[in-house]
$ cat work_31.txt   # compact mmCIF, C-alpha atoms
# COMPACT_ATOMS: atom_id res chain seq x y z
CA MET A 1 -24.67 13.23 14.68
CA GLU A 2 -26.24 13.69 11.25
CA MET A 3 -25.27 11.42 8.41
CA ALA A 4 -23.33 13.25 5.69
CA SER A 5 -25.14 13.38 2.38
CA ILE A 6 -23.58 11.78 -0.66
CA SER A 7 -23.47 15.16 -2.36
CA SER A 8 -21.06 16.51 0.29
CA SER A 9 -18.61 13.66 -0.28
CA PRO A 10 -15.73 13.70 -2.82
CA ARG A 11 -17.18 13.96 -6.31
CA THR A 12 -14.39 13.63 -8.88
CA VAL A 13 -12.61 10.42 -9.81
CA GLU A 14 -9.30 11.91 -8.67
CA GLU A 15 -10.66 12.91 -5.26
CA ILE A 16 -12.20 9.49 -4.67
CA PHE A 17 -9.02 7.70 -5.76
CA LYS A 18 -6.95 9.88 -3.44
CA ASP A 19 -9.29 8.96 -0.58
CA TYR A 20 -9.02 5.27 -1.53
CA SER A 21 -5.22 5.39 -1.76
CA GLY A 22 -4.87 7.03 1.66
CA ARG A 23 -7.16 4.52 3.37
CA ARG A 24 -5.46 1.62 1.62
CA ALA A 25 -1.97 2.81 2.63
CA GLY A 26 -3.07 2.99 6.26
CA ILE A 27 -4.43 -0.56 6.21
CA VAL A 28 -1.35 -1.91 4.44
CA ARG A 29 0.83 -0.33 7.12
CA ALA A 30 -1.30 -1.87 9.89
CA LEU A 31 -0.99 -5.35 8.38
CA THR A 32 2.73 -5.15 7.55
CA TYR A 33 5.10 -2.71 9.26
CA ASP A 34 2.82 -2.00 12.23
CA VAL A 35 1.58 -5.58 12.44
CA GLU A 36 2.78 -6.14 16.01
CA ASP A 37 0.84 -3.10 17.23
CA PHE A 38 -2.19 -4.15 15.20
CA TYR A 39 -2.03 -7.72 16.55
CA GLY A 40 -1.87 -6.48 20.12
CA LEU A 41 -4.88 -4.20 19.70
CA CYS A 42 -7.08 -7.00 18.37
CA ASP A 43 -7.69 -8.58 21.77
CA PRO A 44 -10.35 -11.33 21.47
CA GLU A 45 -11.58 -10.41 24.96
CA LYS A 46 -12.73 -7.00 23.75
CA GLU A 47 -15.97 -6.17 21.97
CA ASN A 48 -16.48 -6.32 18.20
CA LEU A 49 -13.57 -4.40 16.69
CA CYS A 50 -13.02 -3.04 13.18
CA LEU A 51 -9.90 -1.99 11.26
CA TYR A 52 -10.28 1.46 9.71
CA GLY A 53 -7.97 3.09 7.20
CA HIS A 54 -8.13 6.89 7.07
CA PRO A 55 -7.52 9.22 4.11
CA ASP A 56 -4.37 10.60 5.81
CA GLU A 57 -2.75 7.11 5.58
CA SER A 58 -3.26 6.36 9.28
CA TRP A 59 -5.12 3.35 10.66
CA GLU A 60 -7.25 2.62 13.69
CA VAL A 61 -8.69 -0.42 15.48
CA THR A 62 -11.89 0.60 17.21
CA LEU A 63 -15.57 -0.13 17.72
CA PRO A 64 -17.92 0.38 14.76
CA ALA A 65 -19.79 3.62 14.25
CA GLU A 66 -22.86 4.12 16.41
CA GLU A 67 -24.90 5.87 13.71
CA VAL A 68 -27.58 3.82 11.97
CA PRO A 69 -27.16 3.86 9.05
CA PRO A 70 -23.46 4.80 9.28
CA GLU A 71 -21.93 7.77 7.45
CA LEU A 72 -19.86 5.40 5.31
CA PRO A 73 -19.97 1.63 4.71
CA GLU A 74 -18.47 -0.17 7.70
CA PRO A 75 -15.48 -2.57 7.60
CA ALA A 76 -15.72 -6.20 8.75
CA LEU A 77 -16.99 -6.47 12.31
CA GLY A 78 -15.31 -8.55 15.02
CA ILE A 79 -11.93 -9.16 13.39
CA ASN A 80 -10.45 -9.66 16.87
CA PHE A 81 -12.53 -12.75 17.71
CA ALA A 82 -10.74 -15.02 15.23
CA ARG A 83 -7.24 -13.84 16.11
CA ASP A 84 -6.26 -16.65 18.47
CA GLY A 85 -8.29 -19.35 16.73
CA MET A 86 -6.41 -19.16 13.43
CA ASN A 87 -2.88 -19.33 12.15
CA ARG A 88 -1.53 -15.77 12.37
CA LYS A 89 -0.72 -15.53 8.67
CA ASP A 90 -4.16 -16.86 7.70
CA TRP A 91 -5.85 -14.42 10.07
CA LEU A 92 -3.97 -11.45 8.60
CA SER A 93 -4.86 -12.63 5.11
CA LEU A 94 -8.53 -12.83 6.09
CA VAL A 95 -8.45 -9.29 7.49
CA ALA A 96 -6.75 -8.15 4.27
CA VAL A 97 -9.48 -9.66 2.07
CA HIS A 98 -12.24 -8.01 4.11
CA SER A 99 -10.31 -4.73 4.01
CA ASP A 100 -10.13 -4.86 0.21
CA CYS A 101 -13.90 -5.31 0.09
CA TRP A 102 -14.40 -2.38 2.45
CA LEU A 103 -12.10 -0.09 0.49
CA LEU A 104 -14.01 -0.79 -2.71
CA SER A 105 -17.36 -0.28 -1.04
CA VAL A 106 -16.29 3.12 0.34
CA ALA A 107 -14.87 4.20 -3.03
CA PHE A 108 -18.04 3.33 -4.92
CA TYR A 109 -20.24 4.78 -2.20
CA LEU A 110 -18.40 8.07 -2.64
CA GLY A 111 -18.69 7.62 -6.40
CA ALA A 112 -22.44 7.05 -6.38
CA ARG A 113 -22.97 10.06 -8.67
CA LEU A 114 -20.25 9.13 -11.17
CA ASN A 115 -21.34 8.16 -14.66
CA ARG A 116 -20.47 4.90 -16.37
CA ASN A 117 -17.20 6.07 -17.89
CA GLU A 118 -16.09 7.71 -14.64
CA ARG A 119 -16.79 4.53 -12.67
CA LYS A 120 -14.78 2.58 -15.22
CA ARG A 121 -11.87 5.02 -14.90
CA LEU A 122 -12.04 4.88 -11.09
CA PHE A 123 -11.89 1.10 -11.07
CA SER A 124 -9.03 1.18 -13.59
CA LEU A 125 -7.00 3.42 -11.26
CA ILE A 126 -7.78 1.20 -8.27
CA ASN A 127 -6.91 -1.92 -10.24
CA GLU A 128 -3.44 -0.57 -11.03
CA LEU A 129 -2.53 -0.97 -7.34
CA PRO A 130 -1.99 -4.41 -5.82
CA THR A 131 -4.74 -5.37 -3.40
CA VAL A 132 -4.10 -5.38 0.33
CA PHE A 133 -4.37 -9.17 0.18
CA GLU A 134 -1.68 -9.34 -2.51
CA VAL A 135 0.66 -7.15 -0.45
CA VAL A 136 0.10 -9.07 2.79
CA THR A 137 0.51 -12.49 1.16
CA GLU A 138 3.26 -11.26 -1.20
CA ARG A 139 1.24 -12.33 -4.23
CA LYS A 140 1.63 -9.14 -6.24
CA PRO A 141 1.06 -9.66 -9.98
CA VAL A 142 4.24 -9.91 -12.05
CA LYS A 143 3.33 -6.77 -14.00
CA ASP A 144 3.57 -4.73 -10.80
CA LYS A 145 7.25 -5.56 -10.32
CA PRO A 146 10.00 -3.28 -11.67
CA SER A 147 11.30 -4.31 -15.07
CA THR A 148 14.71 -5.94 -15.21
CA ASP A 149 16.15 -2.82 -16.81
CA SER A 150 15.31 -0.74 -13.72
CA GLY A 151 16.92 -3.12 -11.22
CA SER A 152 20.31 -2.45 -9.66
CA LYS A 153 21.77 -5.69 -11.00
CA SER A 154 21.13 -4.84 -14.65
CA ARG A 155 22.94 -1.51 -14.82
CA GLY A 156 26.43 -2.36 -13.69
CA SER A 157 27.55 0.43 -11.41
CA THR A 158 24.49 1.99 -9.72
CA LYS A 159 23.87 3.95 -6.56
CA ARG A 160 20.74 4.72 -4.53
CA SER A 161 19.80 8.36 -4.67
CA SER A 162 17.40 10.82 -3.08
CA ASP A 163 16.23 11.99 -6.51
CA GLY A 164 15.10 8.67 -7.92
CA LEU A 165 15.43 4.93 -7.90
CA VAL A 166 19.01 4.60 -9.10
CA LYS A 167 21.83 6.68 -10.53
CA SER A 168 23.78 5.12 -13.36
CA ASN A 169 26.96 6.34 -14.98
CA PRO A 170 26.54 9.73 -16.78
CA LYS A 171 26.56 8.27 -20.29
CA LEU A 172 23.72 5.84 -19.56
CA ALA A 173 21.76 8.55 -17.76
CA ASP A 174 22.01 10.91 -20.73
CA GLU A 175 21.09 8.31 -23.33
CA ASN A 176 18.23 6.67 -21.48
CA TYR A 177 16.73 9.45 -19.35
CA GLU A 178 13.29 9.51 -20.94
CA GLU A 179 13.18 5.73 -21.28
CA ASP A 180 14.06 5.29 -17.60
CA GLU A 181 11.38 7.74 -16.50
CA ASN A 182 8.75 5.73 -18.36
CA GLU A 183 10.01 2.46 -16.90
CA HIS A 184 10.14 3.75 -13.34
CA SER A 185 6.67 5.29 -13.58
CA GLU A 186 5.25 1.73 -13.47
CA THR A 187 7.31 0.79 -10.41
CA LEU A 188 5.28 0.27 -7.23
CA CYS A 189 6.43 0.47 -3.63
CA GLY A 190 6.69 -3.01 -2.10
CA SER A 191 5.22 -1.66 1.12
CA CYS A 192 2.36 0.70 0.35
CA GLY A 193 1.92 -0.06 -3.36
CA GLY A 194 2.26 3.61 -4.31
CA ASN A 195 3.56 4.64 -7.74
CA TYR A 196 7.09 5.84 -8.34
CA ASN A 197 7.67 9.58 -7.94
CA ALA A 198 11.03 11.09 -8.85
CA ASP A 199 10.61 13.66 -6.07
CA GLU A 200 10.73 10.97 -3.38
CA PHE A 201 13.62 8.85 -2.11
CA TRP A 202 13.38 5.16 -3.03
CA ILE A 203 15.58 2.20 -2.12
CA GLY A 204 15.80 -1.23 -3.73
CA CYS A 205 16.20 -4.56 -1.93
CA ASP A 206 19.26 -6.43 -3.17
CA ILE A 207 17.64 -9.77 -2.32
CA CYS A 208 14.08 -9.68 -3.74
CA GLU A 209 14.74 -6.66 -6.02
CA LYS A 210 11.57 -4.88 -4.90
CA TRP A 211 11.58 -1.10 -4.51
CA PHE A 212 10.37 0.85 -1.48
CA HIS A 213 9.70 4.43 -0.45
CA GLY A 214 12.47 5.34 1.99
CA LYS A 215 9.83 6.58 4.44
CA CYS A 216 7.99 3.24 4.30
CA VAL A 217 11.06 1.26 5.40
CA LYS A 218 12.49 4.07 7.55
CA ILE A 219 15.66 4.55 5.48
CA THR A 220 16.97 8.06 4.78
CA PRO A 221 19.24 8.99 1.87
CA ALA A 222 22.10 9.54 4.32
CA LYS A 223 21.59 6.12 5.88
CA ALA A 224 21.37 4.46 2.48
CA GLU A 225 24.84 5.74 1.57
CA SER A 226 26.37 3.58 4.31
CA ILE A 227 24.48 0.40 3.36
CA LYS A 228 26.48 -1.95 1.13
CA GLN A 229 23.67 -4.46 0.65
CA TYR A 230 20.11 -3.46 1.54
CA LYS A 231 17.65 -6.14 2.68
CA CYS A 232 14.00 -5.13 3.04
CA PRO A 233 12.15 -6.03 6.29
CA SER A 234 10.52 -9.07 4.67
CA CYS A 235 13.82 -10.53 3.41
CA SER A 236 15.53 -9.76 6.73
CA MET A 237 12.85 -11.73 8.58
CA LYS A 238 13.09 -14.66 6.17
CA ARG A 239 16.86 -14.90 6.43
CA GLY A 240 16.61 -14.55 10.20
CA ARG A 241 14.31 -17.57 10.41
CA GLN A 242 16.59 -19.59 8.17

$ encode --input "work_31.txt" --output "C-alpha cells"
Amino acid sequence: MEMASISSSPRTVEEIFKDYSGRRAGIVRALTYDVEDFYGLCDPEKENLCLYGHPDESWEVTLPAEEVPPELPEPALGINFARDGMNRKDWLSLVAVHSDCWLLSVAFYLGARLNRNERKRLFSLINELPTVFEVVTERKPVKDKPSTDSGSKSRGSTKRSSDGLVKSNPKLADENYEEDENEHSETLCGSCGGNYNADEFWIGCDICEKWFHGKCVKITPAKAESIKQYKCPSCSMKRGRQ
C-alpha cells in the first residue's frame, strides 16, 4: 500500500478542522458513552493496541498500521497494557491525553502546507473545543459552559424543543431572539463538545445545567416531552453511587 502524499490530503483550514472534529468526536464517544465497550476491547493479553478516531465520528481499537512510515501519525501504542495496572479513571485520563496529542499531530500533518496565518486560525478553531482530557475528567473551562441567561432556571417557564435549546414565553422570544442566538452559539455539547446548532435538538441537564445533543445522550424530542426533570448520564451515575 502506497503512502498518500501530503498534497492529496485536506488542504483548507475548514477541511482539516472538520477532519479533526470528526476524529475527536469518535474518541470522546469511546471514552465516555461507549466506555464499557472500549474498556472490554483493551484486553492486556492482546498485542499492542491503539485507539483511532475516524473522520465520520466513529472509533476503533486495533493494531497500528503496518506501513513504515505510516500514512498518518500514529496514536499511542499499547494503551491496553496499562488497563489493569491503573485506576480506571486514571487510565482513561491517560488515554485521553495521548489522544489529544495524536489529534493535534494529525491536524498539523494535514496542514503541513498551510501558511502562518492559516495555522494560527486552525489552532484557534481547535482551541475553541474542550480537549478530550477536559471532557473525560470533566474539567472543561468555565468559558465553555452556557451562560446563566441560556439556562432553564433563569428564564422562568421554559421547555425543551427540537428547534433549539429552550423555548421561552412568546414575549421573551420576540424581544431577545437575536441576543439568544448569539448566546447559544457559544454553547458546547457536554458530550462531544460540538457547537450549538439551531437545526439540531438539544436537551439541558437540570442537575449540572450542561447542554447535550439529543443524539449524543439518545433522547428524542418526543421522549423529552415526557421528562419532567432530565439528568444527564454523568449526573445519573453520580446520584446512583450516592

$ axis_aligned_box --input "work_31.txt" --around "segment 220-235 of chain A" --padding-each-side "8 Å" --output "JSON"
{"center_x": 18.5, "center_y": -0.5, "center_z": 3.5, "size_x": 32.0, "size_y": 36.1, "size_z": 21.6}

$ closest_residue --input "work_31.txt" --among "A:Ala222, A:Ala76, A:Leu49, A:Met237" --to "Asp100 of chain A" --atoms "all atoms listed in the file"
A:Ala76

$ residues_around --input "work_31.txt" --residues "Glu138 of chain A" --least-positions-apart "6" --cutoff "12 Å" --atoms "all atoms listed in the file" --output "number ranges by chain"
A: 28, 32, 89, 93, 96, 130-132, 144-145, 190-191, 193, 208, 210, 234-235

$ residues_around --input "work_31.txt" --residues "Gly40 of chain A" --least-positions-apart "2" --cutoff "12 Å" --atoms "only C-alpha atoms" --output "PyMOL selection string"
chain A and resi 30-31+34-38+42-46+61+80+83-84

$ atom_distance --input "work_31.txt" --atom1 "atom CA of Leu41 of chain A" --atom2 "atom CA of Ser21 of chain A"
23.5 Å

$ atom_distance --input "work_31.txt" --atom1 "atom CA of Asn117 of chain A" --atom2 "atom CA of Leu72 of chain A"
23.4 Å

$ closest_residue --input "work_31.txt" --among "A:Glu66, A:Ser105, A:Val217, A:Ala112" --to "Ser236 of chain A" --atoms "only C-alpha atoms"
A:Val217

$ atom_distance --input "work_31.txt" --atom1 "atom CA of Glu74 of chain A" --atom2 "atom CA of Arg116 of chain A"
24.7 Å
